[in-house]
Amino acid sequence: MLAKTYSFGINGLDAYLITIEVHVAGGLPQTVVVGLPDNAIKESKERLRAAVKNSGYDFPNQRTIISLAPADIKKKALHSISLFAYPI
């Protein structure tokens, strides 16, 4: 595991803890988001890549897996920029 951080999700009036883990492994260059993300979160992969490059860092040219736990709860983006993208 490369990094682990935390965020939160909202379900009605209840907030719940989300654990975000990033793993970089060998293989074909690809970014995968797992853990029941909605479409807005899945599409944030390109925004993440651009943010890393614009910060002066190189995005890994390997397989990158972003895990959002717990996996049994659907993660929804609350606004146009997701609360899950900031911690990553």
# chains A, B, ... in the order shown; residues from 1 in each chain; ligands from 1
>>> residues_around(residues="Ile65 (chain A)", least_positions_apart="5", cutoff="6 Å", atoms="only C-alpha atoms", output="number ranges by chain")
A: 22-23, 31-32
>>> residues_around(residues="Val34 (chain A)", least_positions_apart="3", cutoff="8 Å", atoms="only C-alpha atoms", output="mmCIF file with C-alpha atoms, in the first residue's frame")
data_model
loop_
_atom_site.group_PDB
_atom_site.id
_atom_site.type_symbol
_atom_site.label_atom_id
_atom_site.label_comp_id
_atom_site.auth_asym_id
_atom_site.auth_seq_id
_atom_site.Cartn_x
_atom_site.Cartn_y
_atom_site.Cartn_z
ATOM 1 C CA PRO A 37 -18.020 4.515 -6.406
ATOM 2 C CA ILE A 65 -5.691 0.913 -7.385
ATOM 3 C CA ILE A 66 -7.740 3.295 -5.237
ATOM 4 C CA SER A 67 -9.875 1.503 -2.666
ATOM 5 C CA LEU A 68 -12.814 3.154 -0.902
ATOM 6 C CA ALA A 71 -17.101 -1.655 0.170
#
>>> closest_residue(among="A:Asp72, A:Asp38, A:Glu46, A:Glu21", to="Thr5 (chain A)", atoms="only C-alpha atoms")
A:Glu21
>>> atom_distance(atom1="CA of Leu17 (chain A)", atom2="CA of Lys76 (chain A)")
13.3 Å
>>> residues_around(residues="Phe8 (chain A)", least_positions_apart="3", cutoff="7 Å", atoms="only C-alpha atoms", output="ChimeraX atom specification")
/A:15-18
>>> write_last_selection(atoms="C-alpha atoms", output="compact mmCIF listing (two decimals), in the first residue's frame")
# COMPACT_ATOMS: atom_id res chain seq x y z
CA ALA A 15 -22.03 10.71 8.21
CA TYR A 16 -19.83 7.63 7.95
CA LEU A 17 -16.08 7.13 7.83
CA ILE A 18 -14.45 6.24 4.51
>>> closest_residue(among="A:Ala40, A:Val52, A:Ala3, A:Ile73", to="Ile20 (chain A)", atoms="only C-alpha atoms")
A:Ala3
>>> select_by_dssp(residues="chain A", states="alpha helix (DSSP H)", output="ChimeraX atom specification")
/A:39-42,44-54
>>> closest_residue(among="A:Met1, A:Asn61, A:Lys74, A:Asn11", to="Asn39 (chain A)", atoms="only C-alpha atoms")
A:Lys74
>>> select_by_dssp(residues="chain A", states="strand (DSSP E)", output="NGL selection string")
:A and (3-11 or 14-25 or 30-34 or 63-69)
>>> write_last_selection(atoms="N, CA, C and O atoms", output="CSV table (one decimal), in the first residue's frame")
chain,number,residue,atom,x,y,z
A,3,ALA,N,-0.4,4.6,0.2
A,3,ALA,CA,-0.9,5.6,1.1
A,3,ALA,C,-2.3,5.2,1.7
A,3,ALA,O,-3.0,4.5,1.0
A,4,LYS,N,-2.6,5.7,2.9
A,4,LYS,CA,-3.9,5.5,3.5
A,4,LYS,C,-4.3,6.8,4.1
A,4,LYS,O,-3.5,7.4,4.8
A,5,THR,N,-5.6,7.2,3.9
A,5,THR,CA,-6.1,8.4,4.5
A,5,THR,C,-7.6,8.2,4.7
A,5,THR,O,-8.1,7.1,4.4
A,6,TYR,N,-8.2,9.2,5.3
A,6,TYR,CA,-9.7,9.1,5.6
A,6,TYR,C,-10.5,10.3,5.1
A,6,TYR,O,-9.9,11.4,5.0
A,7,SER,N,-11.7,10.0,4.8
A,7,SER,CA,-12.7,11.0,4.5
A,7,SER,C,-14.0,10.6,5.1
A,7,SER,O,-14.1,9.8,5.9
A,8,PHE,N,-15.1,11.2,4.6
A,8,PHE,CA,-16.4,10.8,5.1
A,8,PHE,C,-17.4,10.8,4.0
A,8,PHE,O,-17.2,11.5,2.9
A,9,GLY,N,-18.4,10.1,4.2
A,9,GLY,CA,-19.6,10.1,3.2
A,9,GLY,C,-20.8,10.5,4.0
A,9,GLY,O,-20.9,10.4,5.2
A,10,ILE,N,-21.8,10.9,3.3
A,10,ILE,CA,-23.1,11.3,3.9
A,10,ILE,C,-24.2,10.5,3.3
A,10,ILE,O,-24.3,10.3,2.1
A,11,ASN,N,-25.0,9.9,4.2
A,11,ASN,CA,-26.2,9.2,3.8
A,11,ASN,C,-27.4,9.8,4.6
A,11,ASN,O,-27.6,9.5,5.8
A,14,ASP,N,-26.8,11.2,8.3
A,14,ASP,CA,-25.8,10.5,8.9
A,14,ASP,C,-24.5,10.6,8.1
A,14,ASP,O,-24.5,10.4,6.9
A,15,ALA,N,-23.4,10.7,8.8
A,15,ALA,CA,-22.0,10.7,8.2
A,15,ALA,C,-21.4,9.4,8.6
A,15,ALA,O,-21.6,8.9,9.7
A,16,TYR,N,-20.5,8.9,7.7
A,16,TYR,CA,-19.8,7.6,8.0
A,16,TYR,C,-18.4,7.8,7.5
A,16,TYR,O,-18.1,8.5,6.5
A,17,LEU,N,-17.5,7.1,8.1
A,17,LEU,CA,-16.1,7.1,7.8
A,17,LEU,C,-15.8,6.3,6.6
A,17,LEU,O,-16.2,5.2,6.4
A,18,ILE,N,-14.9,6.9,5.7
A,18,ILE,CA,-14.5,6.2,4.5
A,18,ILE,C,-12.9,6.1,4.6
A,18,ILE,O,-12.3,7.1,4.9
A,19,THR,N,-12.4,4.9,4.4
A,19,THR,CA,-11.0,4.7,4.4
A,19,THR,C,-10.6,4.7,2.9
A,19,THR,O,-11.1,3.9,2.2
A,20,ILE,N,-9.6,5.5,2.6
A,20,ILE,CA,-9.1,5.6,1.2
A,20,ILE,C,-7.7,5.0,1.2
A,20,ILE,O,-6.8,5.6,1.9
A,21,GLU,N,-7.5,4.0,0.4
A,21,GLU,CA,-6.1,3.4,0.3
A,21,GLU,C,-5.7,3.4,-1.2
A,21,GLU,O,-6.5,3.1,-2.0
A,22,VAL,N,-4.4,3.7,-1.4
A,22,VAL,CA,-3.9,3.7,-2.7
A,22,VAL,C,-2.8,2.7,-2.8
A,22,VAL,O,-1.9,2.7,-2.0
A,23,HIS,N,-2.8,1.9,-3.8
A,23,HIS,CA,-1.8,0.8,-4.0
A,23,HIS,C,-1.3,1.0,-5.4
A,23,HIS,O,-2.0,1.1,-6.4
A,24,VAL,N,0.0,1.0,-5.6
A,24,VAL,CA,0.7,1.0,-6.9
A,24,VAL,C,1.4,-0.3,-7.1
A,24,VAL,O,2.2,-0.7,-6.2
A,25,ALA,N,1.1,-1.0,-8.2
A,25,ALA,CA,1.7,-2.3,-8.5
A,25,ALA,C,2.1,-2.3,-9.9
A,25,ALA,O,1.8,-1.5,-10.7
A,30,GLN,N,-2.8,1.8,-15.5
A,30,GLN,CA,-4.2,1.9,-15.4
A,30,GLN,C,-4.6,2.4,-14.0
A,30,GLN,O,-3.9,2.0,-13.0
A,31,THR,N,-5.6,3.2,-13.9
A,31,THR,CA,-6.1,3.6,-12.6
A,31,THR,C,-7.5,3.1,-12.4
A,31,THR,O,-8.3,3.2,-13.2
A,32,VAL,N,-7.6,2.3,-11.3
A,32,VAL,CA,-8.9,1.7,-11.0
A,32,VAL,C,-9.4,2.1,-9.6
A,32,VAL,O,-8.6,2.2,-8.7
A,33,VAL,N,-10.7,2.5,-9.6
A,33,VAL,CA,-11.3,2.9,-8.3
A,33,VAL,C,-12.3,1.8,-7.9
A,33,VAL,O,-13.2,1.4,-8.7
A,34,VAL,N,-12.1,1.2,-6.7
A,34,VAL,CA,-13.0,0.1,-6.3
A,34,VAL,C,-13.7,0.5,-5.0
A,34,VAL,O,-13.2,1.4,-4.3
A,63,ARG,N,0.1,0.2,-12.6
A,63,ARG,CA,-1.3,0.0,-12.2
A,63,ARG,C,-1.5,0.6,-10.8
A,63,ARG,O,-0.8,0.3,-9.9
A,64,THR,N,-2.5,1.5,-10.8
A,64,THR,CA,-2.8,2.2,-9.5
A,64,THR,C,-4.3,1.9,-9.1
A,64,THR,O,-5.2,2.0,-9.9
A,65,ILE,N,-4.4,1.3,-7.9
A,65,ILE,CA,-5.7,0.9,-7.4
A,65,ILE,C,-6.1,1.8,-6.2
A,65,ILE,O,-5.3,1.9,-5.3
A,66,ILE,N,-7.2,2.4,-6.3
A,66,ILE,CA,-7.7,3.3,-5.2
A,66,ILE,C,-8.9,2.6,-4.6
A,66,ILE,O,-9.9,2.3,-5.3
A,67,SER,N,-8.8,2.3,-3.4
A,67,SER,CA,-9.9,1.5,-2.7
A,67,SER,C,-10.6,2.4,-1.7
A,67,SER,O,-10.0,3.1,-0.9
A,68,LEU,N,-12.0,2.4,-1.8
A,68,LEU,CA,-12.8,3.2,-0.9
A,68,LEU,C,-13.6,2.2,0.0
A,68,LEU,O,-14.4,1.4,-0.5
A,69,ALA,N,-13.3,2.1,1.3
A,69,ALA,CA,-13.9,1.2,2.2
A,69,ALA,C,-14.8,1.9,3.2
A,69,ALA,O,-14.4,3.1,3.6
